[in-house]
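Source file: start.csv; contents: CSV, C-alpha atoms.
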```
chain,number,residue,atom,x,y,z
P,1,MET,CA,-32.8,19.5,1.2
P,2,MET,CA,-31.3,16.1,0.5
P,3,GLY,CA,-27.6,16.0,1.2
P,4,ARG,CA,-24.6,13.6,1.3
P,5,PRO,CA,-24.3,11.0,4.1
P,6,LYS,CA,-22.7,12.0,7.4
P,7,VAL,CA,-21.0,8.6,7.5
P,8,PHE,CA,-20.3,6.4,4.5
P,9,GLN,CA,-17.6,3.8,5.1
P,10,ILE,CA,-16.6,0.2,4.6
P,11,ASN,CA,-15.5,-1.8,7.6
P,12,LEU,CA,-13.7,-5.1,7.0
P,13,ASN,CA,-13.9,-8.0,9.5
P,14,SER,CA,-10.1,-8.5,9.3
P,15,PRO,CA,-8.8,-5.8,11.5
P,16,ASN,CA,-5.5,-5.4,9.6
P,17,GLY,CA,-7.1,-5.8,6.1
P,18,VAL,CA,-4.9,-8.8,5.1
P,19,TYR,CA,-6.2,-11.7,3.1
P,20,TYR,CA,-5.0,-14.7,1.1
P,21,GLY,CA,-6.3,-16.0,-2.2
P,22,GLY,CA,-9.3,-18.3,-1.7
P,23,GLN,CA,-10.4,-16.6,1.5
P,24,THR,CA,-13.7,-14.8,2.0
P,25,LEU,CA,-13.6,-11.0,2.2
P,26,SER,CA,-16.3,-9.9,4.5
P,27,GLY,CA,-17.4,-6.7,6.3
P,28,THR,CA,-20.1,-4.1,6.6
P,29,VAL,CA,-21.0,-0.9,4.7
P,30,THR,CA,-22.2,1.7,7.1
P,31,MET,CA,-24.3,4.7,6.0
P,32,GLU,CA,-25.6,7.4,8.3
P,33,LEU,CA,-28.0,10.0,6.9
P,34,GLU,CA,-28.8,13.2,8.8
P,35,GLU,CA,-31.5,13.9,6.2
P,36,ALA,CA,-33.4,12.0,3.5
P,37,LEU,CA,-31.4,10.9,0.5
P,38,THR,CA,-32.7,10.0,-3.0
P,39,MET,CA,-30.8,7.0,-4.4
P,40,ARG,CA,-31.4,4.3,-7.0
P,41,ALA,CA,-29.2,1.7,-5.5
P,42,LEU,CA,-26.3,0.9,-3.2
P,43,ARG,CA,-23.7,-1.5,-4.7
P,44,LEU,CA,-20.3,-2.8,-4.1
P,45,GLU,CA,-17.5,-3.1,-6.7
P,46,PHE,CA,-14.7,-5.6,-6.0
P,47,LYS,CA,-11.6,-5.1,-8.1
P,48,GLY,CA,-8.2,-6.7,-8.3
P,49,GLN,CA,-5.7,-5.8,-11.0
P,50,ALA,CA,-2.1,-5.0,-11.8
P,51,THR,CA,-1.2,-1.8,-13.7
P,52,VAL,CA,2.0,-0.5,-15.2
P,53,HIS,CA,2.1,3.1,-16.6
P,54,TRP,CA,4.7,5.7,-17.4
P,55,THR,CA,5.5,8.3,-20.0
P,56,GLU,CA,8.7,9.4,-21.7
P,57,GLN,CA,9.5,12.4,-23.7
P,58,ARG,CA,10.8,12.0,-27.3
P,59,SER,CA,11.9,14.4,-30.1
P,60,ASN,CA,12.2,13.9,-33.8
P,61,GLY,CA,14.4,17.0,-34.2
P,62,LYS,CA,11.5,19.3,-35.0
P,63,THR,CA,8.9,18.6,-32.4
P,64,SER,CA,8.7,17.0,-29.0
P,65,TYR,CA,6.1,14.4,-28.1
P,66,THR,CA,5.1,12.1,-25.3
P,67,VAL,CA,5.2,8.3,-25.5
P,68,VAL,CA,2.9,6.4,-23.1
P,69,TYR,CA,3.9,2.9,-21.9
P,70,HIS,CA,1.1,0.9,-20.4
P,71,ASN,CA,0.0,-2.6,-19.4
P,72,GLU,CA,-2.5,-4.2,-17.1
P,73,GLU,CA,-3.8,-7.5,-15.8
P,74,HIS,CA,-7.2,-8.1,-14.3
P,75,TYR,CA,-7.7,-10.7,-11.6
P,76,PHE,CA,-11.3,-10.0,-10.7
P,77,ASN,CA,-13.9,-7.4,-11.3
P,78,ALA,CA,-17.3,-8.0,-9.7
P,79,LYS,CA,-20.3,-6.1,-8.5
P,80,GLN,CA,-22.7,-6.9,-5.7
P,81,GLU,CA,-26.0,-5.0,-5.1
P,82,LEU,CA,-26.8,-4.3,-1.4
P,83,TRP,CA,-29.9,-2.3,-1.9
P,84,HIS,CA,-32.2,-1.0,-4.6
P,85,LYS,CA,-35.5,0.9,-4.3
P,86,ASP,CA,-37.7,-2.2,-4.8
P,87,LYS,CA,-35.6,-4.6,-2.8
P,88,ASP,CA,-37.4,-4.0,0.5
P,89,GLY,CA,-40.8,-3.7,-1.1
P,90,ARG,CA,-41.2,0.0,-0.5
P,91,GLY,CA,-41.0,1.0,-4.2
P,92,THR,CA,-39.4,4.3,-3.4
P,93,ASP,CA,-36.0,5.7,-4.0
P,94,GLU,CA,-35.9,8.0,-0.9
P,95,MET,CA,-33.9,6.7,2.1
P,96,ALA,CA,-35.1,8.2,5.4
P,97,ARG,CA,-32.6,9.7,7.8
P,98,GLY,CA,-31.0,7.1,10.1
P,99,LEU,CA,-28.2,4.6,10.5
P,100,TYR,CA,-27.9,1.7,8.0
P,101,ASN,CA,-25.6,-1.3,8.0
P,102,TYR,CA,-25.3,-3.7,5.1
P,103,PRO,CA,-23.1,-6.8,5.6
P,104,PHE,CA,-21.4,-8.4,2.6
P,105,GLN,CA,-19.2,-11.3,1.6
P,106,PHE,CA,-17.0,-12.0,-1.4
P,107,THR,CA,-14.8,-15.0,-2.0
P,108,LEU,CA,-11.4,-14.1,-3.5
P,109,PRO,CA,-10.0,-16.2,-6.3
P,110,SER,CA,-7.1,-18.5,-5.6
P,111,GLY,CA,-3.5,-17.8,-6.7
P,112,LEU,CA,-3.7,-14.0,-6.5
P,113,PRO,CA,-0.4,-12.1,-6.6
P,114,CYS,CA,0.8,-10.2,-3.6
P,115,SER,CA,-0.2,-6.6,-3.2
P,116,TYR,CA,2.4,-4.1,-4.3
P,117,GLU,CA,2.5,-0.3,-4.6
P,118,GLY,CA,5.3,1.3,-6.7
P,119,GLY,CA,5.7,4.6,-8.4
P,120,ILE,CA,4.8,3.5,-11.9
P,121,GLY,CA,3.1,0.2,-11.2
P,122,HIS,CA,1.0,-1.6,-8.7
P,123,VAL,CA,-0.9,-4.8,-7.8
P,124,ARG,CA,-3.9,-3.4,-6.0
P,125,TYR,CA,-7.1,-4.8,-4.5
P,126,THR,CA,-10.1,-2.6,-3.5
P,127,VAL,CA,-13.7,-2.8,-2.6
P,128,LYS,CA,-15.8,0.3,-3.4
P,129,ALA,CA,-19.2,1.2,-2.2
P,130,VAL,CA,-21.3,3.3,-4.6
P,131,ILE,CA,-24.5,5.3,-3.8
P,132,ASP,CA,-26.1,5.4,-7.3
P,133,ARG,CA,-28.0,8.7,-7.7
P,134,LYS,CA,-30.1,9.5,-10.7
P,135,PHE,CA,-28.9,12.4,-12.8
P,136,ARG,CA,-26.4,13.4,-10.1
P,137,PHE,CA,-22.8,12.5,-9.1
P,138,ASP,CA,-22.6,9.2,-7.3
P,139,TYR,CA,-21.2,9.1,-3.7
P,140,ASN,CA,-18.3,6.6,-3.4
P,141,THR,CA,-16.1,5.3,-0.7
P,142,LYS,CA,-13.2,2.9,-1.3
P,143,ARG,CA,-11.4,0.5,1.0
P,144,PRO,CA,-8.1,-1.0,-0.2
P,145,PHE,CA,-6.9,-4.3,1.3
P,146,THR,CA,-3.8,-6.4,1.2
P,147,VAL,CA,-3.5,-9.8,-0.5
P,148,ILE,CA,-0.5,-12.0,0.3
P,149,ASN,CA,0.8,-14.9,-1.8
P,150,ASP,CA,3.0,-17.0,0.4
P,151,LEU,CA,6.5,-17.8,-0.7
P,152,ASP,CA,7.8,-20.7,1.5
P,153,LEU,CA,11.6,-20.6,1.6
P,154,ASN,CA,11.6,-24.3,2.4
P,155,ASN,CA,10.5,-24.9,-1.2
P,156,GLU,CA,13.3,-22.8,-2.7
P,157,PRO,CA,16.4,-24.9,-3.1
P,158,GLU,CA,18.7,-21.9,-3.5
P,159,ALA,CA,17.5,-20.3,-0.2
P,160,LEU,CA,20.1,-22.3,1.8
P,161,MET,CA,23.0,-21.4,-0.6
P,162,GLU,CA,26.0,-19.6,0.9
P,163,MET,CA,26.7,-16.5,-1.1
P,164,THR,CA,30.1,-14.9,-1.7
P,165,ASN,CA,31.2,-12.3,-4.2
P,166,THR,CA,34.4,-10.2,-4.8
P,167,HIS,CA,34.9,-7.3,-7.0
P,168,HIS,CA,38.0,-5.1,-7.8
P,169,LYS,CA,38.2,-1.5,-9.0
P,170,PHE,CA,41.0,0.7,-10.2
P,171,LEU,CA,40.5,4.4,-9.8
P,172,CYS,CA,43.2,5.6,-12.3
P,173,CYS,CA,44.9,4.5,-15.4
P,174,CYS,CA,47.7,1.9,-15.3
P,175,CYS,CA,50.5,4.5,-15.5
P,176,CYS,CA,49.5,5.8,-12.1
P,177,LYS,CA,50.7,2.6,-10.5
P,178,SER,CA,47.8,2.7,-8.0
P,179,GLY,CA,46.5,-0.5,-6.6
P,180,PRO,CA,42.9,-1.6,-6.7
P,181,ILE,CA,40.1,-1.3,-4.2
P,182,THR,CA,38.9,-4.8,-3.4
P,183,GLY,CA,35.6,-5.7,-1.7
P,184,THR,CA,34.2,-9.0,-0.6
P,185,VAL,CA,30.7,-9.9,0.7
P,186,ARG,CA,29.7,-13.1,2.4
P,187,ILE,CA,26.4,-14.3,3.8
P,188,ALA,CA,25.5,-17.8,5.1
P,189,ARG,CA,22.3,-18.2,3.1
P,190,ARG,CA,20.1,-16.5,0.5
P,191,GLY,CA,16.7,-16.9,2.0
P,192,TYR,CA,15.2,-14.6,4.7
P,193,VAL,CA,11.8,-13.4,5.9
P,194,PRO,CA,10.9,-9.8,7.0
P,195,GLY,CA,11.9,-9.5,10.6
P,196,GLU,CA,15.0,-11.6,10.3
P,197,ALA,CA,18.5,-10.1,10.4
P,198,ILE,CA,21.0,-10.9,7.6
P,199,LEU,CA,24.4,-11.5,9.2
P,200,VAL,CA,26.8,-9.8,6.9
P,201,ASP,CA,30.5,-10.5,6.6
P,202,GLY,CA,32.8,-8.4,4.4
P,203,ASP,CA,36.3,-7.2,3.7
P,204,ILE,CA,37.5,-4.0,2.0
P,205,GLU,CA,41.1,-3.5,1.0
P,206,ASN,CA,42.1,0.0,-0.3
P,207,LEU,CA,45.4,-0.2,-2.2
P,208,SER,CA,44.6,2.9,-4.1
P,209,ARG,CA,46.0,6.4,-3.4
P,210,ARG,CA,42.5,7.7,-2.7
P,211,ARG,CA,40.7,7.9,0.6
P,212,MET,CA,37.3,6.0,0.8
P,213,THR,CA,34.8,8.3,2.4
P,214,LYS,CA,32.5,5.5,3.6
P,215,THR,CA,31.3,2.0,3.0
P,216,THR,CA,27.6,0.9,3.0
P,217,MET,CA,25.8,-2.4,3.0
P,218,ARG,CA,22.4,-2.1,1.5
P,219,ILE,CA,19.4,-4.2,0.7
P,220,TYR,CA,17.9,-3.2,-2.7
P,221,GLN,CA,14.5,-4.0,-4.2
P,222,GLN,CA,14.8,-4.3,-7.9
P,223,ILE,CA,11.5,-4.0,-9.9
P,224,ASP,CA,10.9,-4.7,-13.6
P,225,PHE,CA,7.8,-3.1,-15.0
P,226,HIS,CA,6.7,-4.7,-18.2
P,227,ALA,CA,4.7,-2.5,-20.5
P,228,GLN,CA,3.5,-3.9,-23.8
P,229,THR,CA,6.5,-2.7,-25.8
P,230,LYS,CA,9.2,-1.9,-23.2
P,231,THR,CA,10.5,-2.9,-19.8
P,232,ARG,CA,11.6,-0.4,-17.2
P,233,ARG,CA,13.8,-1.3,-14.3
P,234,GLU,CA,13.9,0.6,-11.0
P,235,ARG,CA,15.7,0.0,-7.7
P,236,ARG,CA,14.8,1.1,-4.2
P,237,VAL,CA,17.0,1.0,-1.1
P,238,VAL,CA,15.1,-0.8,1.7
P,239,ALA,CA,17.7,-1.0,4.5
P,240,GLU,CA,21.2,0.2,5.1
P,241,LEU,CA,24.3,-0.1,7.4
P,242,GLN,CA,27.2,2.2,7.1
P,243,HIS,CA,30.9,2.3,8.1
P,244,GLY,CA,33.3,5.2,8.1
P,245,GLU,CA,36.3,6.2,6.0
P,246,ILE,CA,39.2,4.0,4.8
P,247,LYS,CA,42.6,5.7,4.3
P,248,PRO,CA,44.9,4.8,1.4
P,249,GLY,CA,46.5,1.5,2.1
P,250,GLY,CA,44.0,0.7,4.8
P,251,GLY,CA,41.1,-1.7,5.1
P,252,ASP,CA,37.8,-2.5,6.8
P,253,THR,CA,36.0,-5.6,8.0
P,254,TRP,CA,32.3,-6.4,8.5
P,255,ASN,CA,32.0,-9.1,11.1
P,256,ALA,CA,28.5,-10.8,11.3
P,257,GLU,CA,26.8,-7.4,11.4
P,258,ARG,CA,23.0,-7.5,11.5
P,259,LEU,CA,21.0,-5.9,8.7
P,260,ALA,CA,17.3,-6.3,9.5
P,261,VAL,CA,14.9,-7.1,6.7
P,262,PRO,CA,11.9,-4.7,6.9
P,263,PRO,CA,8.3,-5.4,5.9
P,264,LEU,CA,8.4,-6.2,2.1
P,265,PRO,CA,6.5,-8.2,-0.5
P,266,PRO,CA,8.1,-11.6,-1.3
P,267,SER,CA,10.5,-12.1,-4.2
P,268,VAL,CA,9.2,-12.7,-7.8
P,269,LEU,CA,5.6,-11.5,-7.1
P,270,ARG,CA,4.2,-14.9,-8.3
P,271,GLY,CA,0.9,-14.7,-10.3
P,272,CYS,CA,1.8,-11.3,-11.8
P,273,ARG,CA,3.2,-11.3,-15.3
P,274,ILE,CA,3.8,-7.5,-15.7
P,275,ILE,CA,5.8,-6.8,-12.5
P,276,ASP,CA,8.8,-8.7,-11.3
P,277,ILE,CA,10.5,-8.2,-7.9
P,278,HIS,CA,14.0,-9.3,-6.9
P,279,TYR,CA,16.3,-8.4,-4.0
P,280,PHE,CA,20.0,-8.2,-3.5
P,281,LEU,CA,22.5,-7.2,-0.9
P,282,GLN,CA,25.2,-4.9,-2.1
P,283,LEU,CA,28.4,-3.5,-0.6
P,284,ASN,CA,29.2,0.0,-1.9
P,285,VAL,CA,32.6,1.6,-1.4
P,286,ASP,CA,32.6,5.4,-2.0
P,287,PRO,CA,35.9,7.0,-3.1
P,288,ALA,CA,36.6,10.7,-2.3
P,289,GLY,CA,36.6,13.0,-5.2
P,290,ILE,CA,35.6,12.0,-8.8
P,291,GLY,CA,35.0,8.3,-9.3
P,292,PHE,CA,32.3,5.6,-9.3
P,293,ASP,CA,31.6,3.5,-6.3
P,294,LEU,CA,32.9,-0.1,-6.1
P,295,LYS,CA,29.8,-2.3,-6.0
P,296,VAL,CA,29.7,-5.9,-4.8
P,297,PRO,CA,26.2,-7.4,-5.0
P,298,VAL,CA,24.9,-10.8,-3.9
P,299,SER,CA,21.3,-12.0,-4.6
P,300,ILE,CA,18.9,-12.8,-1.8
P,301,ILE,CA,15.4,-14.2,-1.6
P,302,ILE,CA,12.7,-12.7,0.5
P,303,GLY,CA,9.9,-15.1,1.5
P,304,THR,CA,6.9,-15.1,3.8
P,305,ILE,CA,7.5,-18.5,5.5
P,306,PRO,CA,11.0,-18.9,7.1
P,307,LEU,CA,13.4,-21.8,6.7
P,308,LYS,CA,13.1,-24.6,9.2
P,309,GLN,CA,16.9,-24.1,9.9
P,310,ALA,CA,16.2,-20.5,10.8
P,311,LEU,CA,13.4,-21.6,13.2
P,312,ASP,CA,15.8,-24.1,14.9
P,313,GLN,CA,18.4,-21.3,15.2
P,314,TYR,CA,16.0,-19.0,16.9
P,315,SER,CA,14.0,-21.6,18.9
P,316,SER,CA,15.9,-20.9,22.1
P,317,MET,CA,15.0,-17.2,21.9
P,318,ALA,CA,11.8,-15.8,23.4
P,319,LEU,CA,9.7,-14.4,20.7
P,320,ARG,CA,8.0,-11.1,21.4
P,321,GLN,CA,4.2,-11.1,21.6
P,322,PRO,CA,2.4,-9.5,18.6
P,323,PRO,CA,1.7,-5.9,19.4
P,324,PRO,CA,-1.9,-4.9,20.2
P,325,GLY,CA,-4.3,-4.8,17.3
P,326,MET,CA,-2.0,-6.9,15.0
P,327,PRO,CA,-3.6,-10.4,14.8
P,328,SER,CA,-1.5,-13.4,14.1
P,329,ARG,CA,-1.9,-15.5,10.9
P,330,ASP,CA,-3.8,-18.0,13.0
P,331,ASP,CA,-6.4,-15.3,13.6
P,332,ILE,CA,-6.8,-14.9,9.8
P,333,TYR,CA,-7.0,-18.6,9.1
P,334,SER,CA,-9.0,-19.4,12.3
P,335,SER,CA,-7.0,-22.7,12.6
P,336,THR,CA,-5.2,-22.5,15.9
P,337,ALA,CA,-5.9,-26.1,16.7
P,338,ALA,CA,-4.7,-27.3,13.3
P,339,ALA,CA,-1.5,-25.2,13.7
P,340,ALA,CA,-0.7,-26.8,17.0
P,341,MET,CA,-0.6,-30.2,15.3
P,342,GLU,CA,2.0,-29.1,12.8
P,343,PRO,CA,5.5,-29.5,14.4
P,344,HIS,CA,7.2,-27.3,11.8
P,345,ARG,CA,4.7,-24.5,11.5
P,346,PRO,CA,6.5,-21.2,12.0
P,347,PRO,CA,5.7,-18.9,14.9
P,348,PRO,CA,2.9,-16.7,13.6
P,349,PRO,CA,3.9,-13.5,12.0
P,350,THR,CA,2.4,-10.1,12.5
P,351,TYR,CA,1.4,-7.9,9.6
P,352,SER,CA,3.2,-4.6,9.3
P,353,GLU,CA,2.9,-1.8,6.8
P,354,SER,CA,5.3,-1.7,3.9
P,355,VAL,CA,8.7,-0.1,4.7
P,356,PHE,CA,7.9,2.5,1.9
P,357,GLY,CA,4.9,3.8,3.7
P,358,LYS,CA,1.6,5.0,2.1
P,359,MET,CA,1.2,5.9,-1.5
P,360,ALA,CA,-1.6,7.7,-3.4
P,361,ILE,CA,-4.1,5.3,-4.8
P,362,LYS,CA,-6.7,7.6,-6.3
P,363,GLU,CA,-7.5,6.5,-9.9
P,364,GLY,CA,-8.4,8.5,-12.9
P,365,ASP,CA,-12.1,7.5,-12.9
P,366,GLU,CA,-12.7,8.7,-9.4
P,367,ASP,CA,-14.3,12.1,-9.3
P,368,LYS,CA,-14.3,14.8,-6.6
P,369,GLU,CA,-17.3,13.3,-4.9
P,370,ASP,CA,-15.3,10.3,-3.8
P,371,GLU,CA,-15.1,9.8,0.0
P,372,ALA,CA,-12.2,7.4,-0.2
P,373,ASP,CA,-8.9,7.8,1.5
P,374,ASN,CA,-6.4,8.6,-1.2
P,375,SER,CA,-3.4,6.8,0.4
P,376,PHE,CA,-2.6,3.2,1.3
P,377,ALA,CA,0.3,1.0,2.3
P,378,PRO,CA,0.0,-2.8,1.9
P,379,SER,CA,0.8,-4.8,5.1
P,380,TYR,CA,3.2,-7.7,4.8
P,381,THR,CA,4.2,-10.7,7.0
P,382,TYR,CA,6.7,-9.7,9.6
P,383,TYR,CA,8.3,-12.0,12.2
P,384,ASN,CA,8.8,-10.0,15.3
P,385,TRP,CA,11.9,-11.9,16.4
P,386,GLY,CA,13.4,-8.9,18.2
P,387,PHE,CA,16.3,-8.3,15.8
P,388,GLN,CA,17.7,-4.8,15.2
P,389,SER,CA,20.2,-3.7,12.6
P,390,SER,CA,23.7,-3.1,13.9
P,391,SER,CA,23.3,0.6,13.2
P,392,THR,CA,20.4,2.9,12.3
P,393,GLY,CA,18.9,2.1,8.9
P,394,LEU,CA,17.1,4.3,6.4
P,395,PHE,CA,13.6,3.7,7.8
```

Turn this file's structure into structure tokens for me.
Amino acid sequence: MMGRPKVFQINLNSPNGVYYGGQTLSGTVTMELEEALTMRALRLEFKGQATVHWTEQRSNGKTSYTVVYHNEEHYFNAKQELWHKDKDGRGTDEMARGLYNYPFQFTLPSGLPCSYEGGIGHVRYTVKAVIDRKFRFDYNTKRPFTVINDLDLNNEPEALMEMTNTHHKFLCCCCCKSGPITGTVRIARRGYVPGEAILVDGDIENLSRRRMTKTTMRIYQQIDFHAQTKTRRERRVVAELQHGEIKPGGGDTWNAERLAVPPLPPSVLRGCRIIDIHYFLQLNVDPAGIGFDLKVPVSIIIGTIPLKQALDQYSSMALRQPPPGMPSRDDIYSSTAAAAMEPHRPPPPTYSESVFGKMAIKEGDEDKEDEADNSFAPSYTYYNWGFQSSSTGLF
């Protein structure tokens, strides 16, 4: 009886599975057969694309119906044959039991957008190995990998801008003669990289008659998903600090409190036209009882290469060594000697899984025979500068 492989997997030569546009993706497909297997070919399928997809319910008064919103971009879609029945001159489609290793290489196009996984949209890169079987289900195994598109904060003029914002809110009508809640947020600059800490200053004045149950300082990721006929905006909290209550007539002060930036994709998501990513820091003041929060936002930029001013600021601090199994960027570029000649080259980052964790990546055309792992989290640049938030964050 001819059965499925005992082992069928794709191993990448980059231990963390992180690549940049223009680099060569390389690795080995390993197939171990405990018994003979009939197959027409073994091929690889390389795929890079962005997809946006969601549904909404509508009603015309008589019947309900579903509206589908969709859009996609294709960055590459290539196939590479590793074996077919005549390739080794045997002229047979039966593979004997044993261990087989097939090396491969594929050069990624330049200018690829950064990997991103969201609930209704993603930028995803995969390599799939397919055992092509005549008149039977194919055997598949898929290996996702991360692509990073660098955003150098030194090329962003607004990254050094000091940001300040103040908002007021009245909780009752004018006849109540209740004063406003006033909130102010200040940060020294807009630009940061994952691993840095945002030093947050803020003031809250509660001139209302209501108690404020808490105040929070949050980093939000704002994503715009562009379908062909509609755009949908979503926001996700990526980090948070919290203070306690403020009594009527009281106030609170945030004094250079550290809010660490977790592993995230860079702002904008350059190269992708159907998904936009932006970040902002926001002070939320939560009143007791009925009433909306006072919200004071300031825009920030998340990059992959830090500001030179930030490097100077942290130059006297001993940087932690990358944890085991997490190669530096020099390992990926294989250019340690060249890096040593660049006086302003940043300390190499590590690569850490997205703060949001793994998400399902199984696609509709993948059947029950697939051997692929159904979850994946992109890994992003992370500068392990040893910073912690002033209090426990969300993640």

**Prompt:** Quick one: residues within 10 Å of Asn374 of chain P, only C-alpha atoms counted, chain neighbours fewer than 4 positions away excluded, as a list in words?
**Reply:** Lys142, Arg143, Pro144, Lys358, Met359, Ala360, Ile361, Lys362, Glu363 and Asp370 of chain P

List every residue of segment 2-69 of chain P that has an atom at most 10 Å from any atom of segment 110-118 of chain P, and for each one report the closest atom pair and its distance in Å to one decimal, counting all atoms listed in the file, with rows sorted by chain and then by increasing residue number, as JSON lines.
```
{"residue": "P:Val18", "atom": "CA", "partner": "P:Ser115", "partner_atom": "CA", "distance": 9.8}
{"residue": "P:Tyr19", "atom": "CA", "partner": "P:Cys114", "partner_atom": "CA", "distance": 9.8}
{"residue": "P:Tyr20", "atom": "CA", "partner": "P:Leu112", "partner_atom": "CA", "distance": 7.7}
{"residue": "P:Gly21", "atom": "CA", "partner": "P:Ser110", "partner_atom": "CA", "distance": 4.3}
{"residue": "P:Gly22", "atom": "CA", "partner": "P:Ser110", "partner_atom": "CA", "distance": 4.5}
{"residue": "P:Gln23", "atom": "CA", "partner": "P:Ser110", "partner_atom": "CA", "distance": 8.1}
{"residue": "P:Gly48", "atom": "CA", "partner": "P:Leu112", "partner_atom": "CA", "distance": 8.8}
{"residue": "P:Gln49", "atom": "CA", "partner": "P:Pro113", "partner_atom": "CA", "distance": 9.3}
{"residue": "P:Ala50", "atom": "CA", "partner": "P:Tyr116", "partner_atom": "CA", "distance": 8.8}
{"residue": "P:Thr51", "atom": "CA", "partner": "P:Glu117", "partner_atom": "CA", "distance": 9.9}
{"residue": "P:Val52", "atom": "CA", "partner": "P:Gly118", "partner_atom": "CA", "distance": 9.3}
```

**Asked** Need the neighbours of (12.7, 0.4, -7.7): which residues are at most 6 Å away, counting only C-alpha atoms, as JSON, numbers by chain?
**Response** {"P": [221, 222, 223, 234, 235, 236]}

**Request:** Please provide as a PyMOL selection string all residues within 10 Å of Leu283 of chain P, with the sequence filter that same-chain residues fewer than 6 positions apart are discarded (counting only C-alpha atoms).
**Result:** chain P and resi 165-167+183-185+200+202-204+215-219+240-242+293-298

**Non-local contacts of Asp132 of chain P (9 Å; only C-alpha atoms; under 5 positions in same chain excluded) as a ChimeraX atom specification** = /P:39-43,137-140

**Message:** Report, in Å with one decimal, the straight-line distance from atom CA of Thr164 of chain P to atom CA of Arg186 of chain P.
**Reply:**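 Between these atoms lies a distance of 4.5 Å.
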
**Request:** Have a look at P:Asn155, P:Lys79, P:Leu44, P:Gly98 and name the one nearest to Pro5 of chain P; count all atoms listed in the file.
**Result:**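 Closest candidate: P:Gly98.
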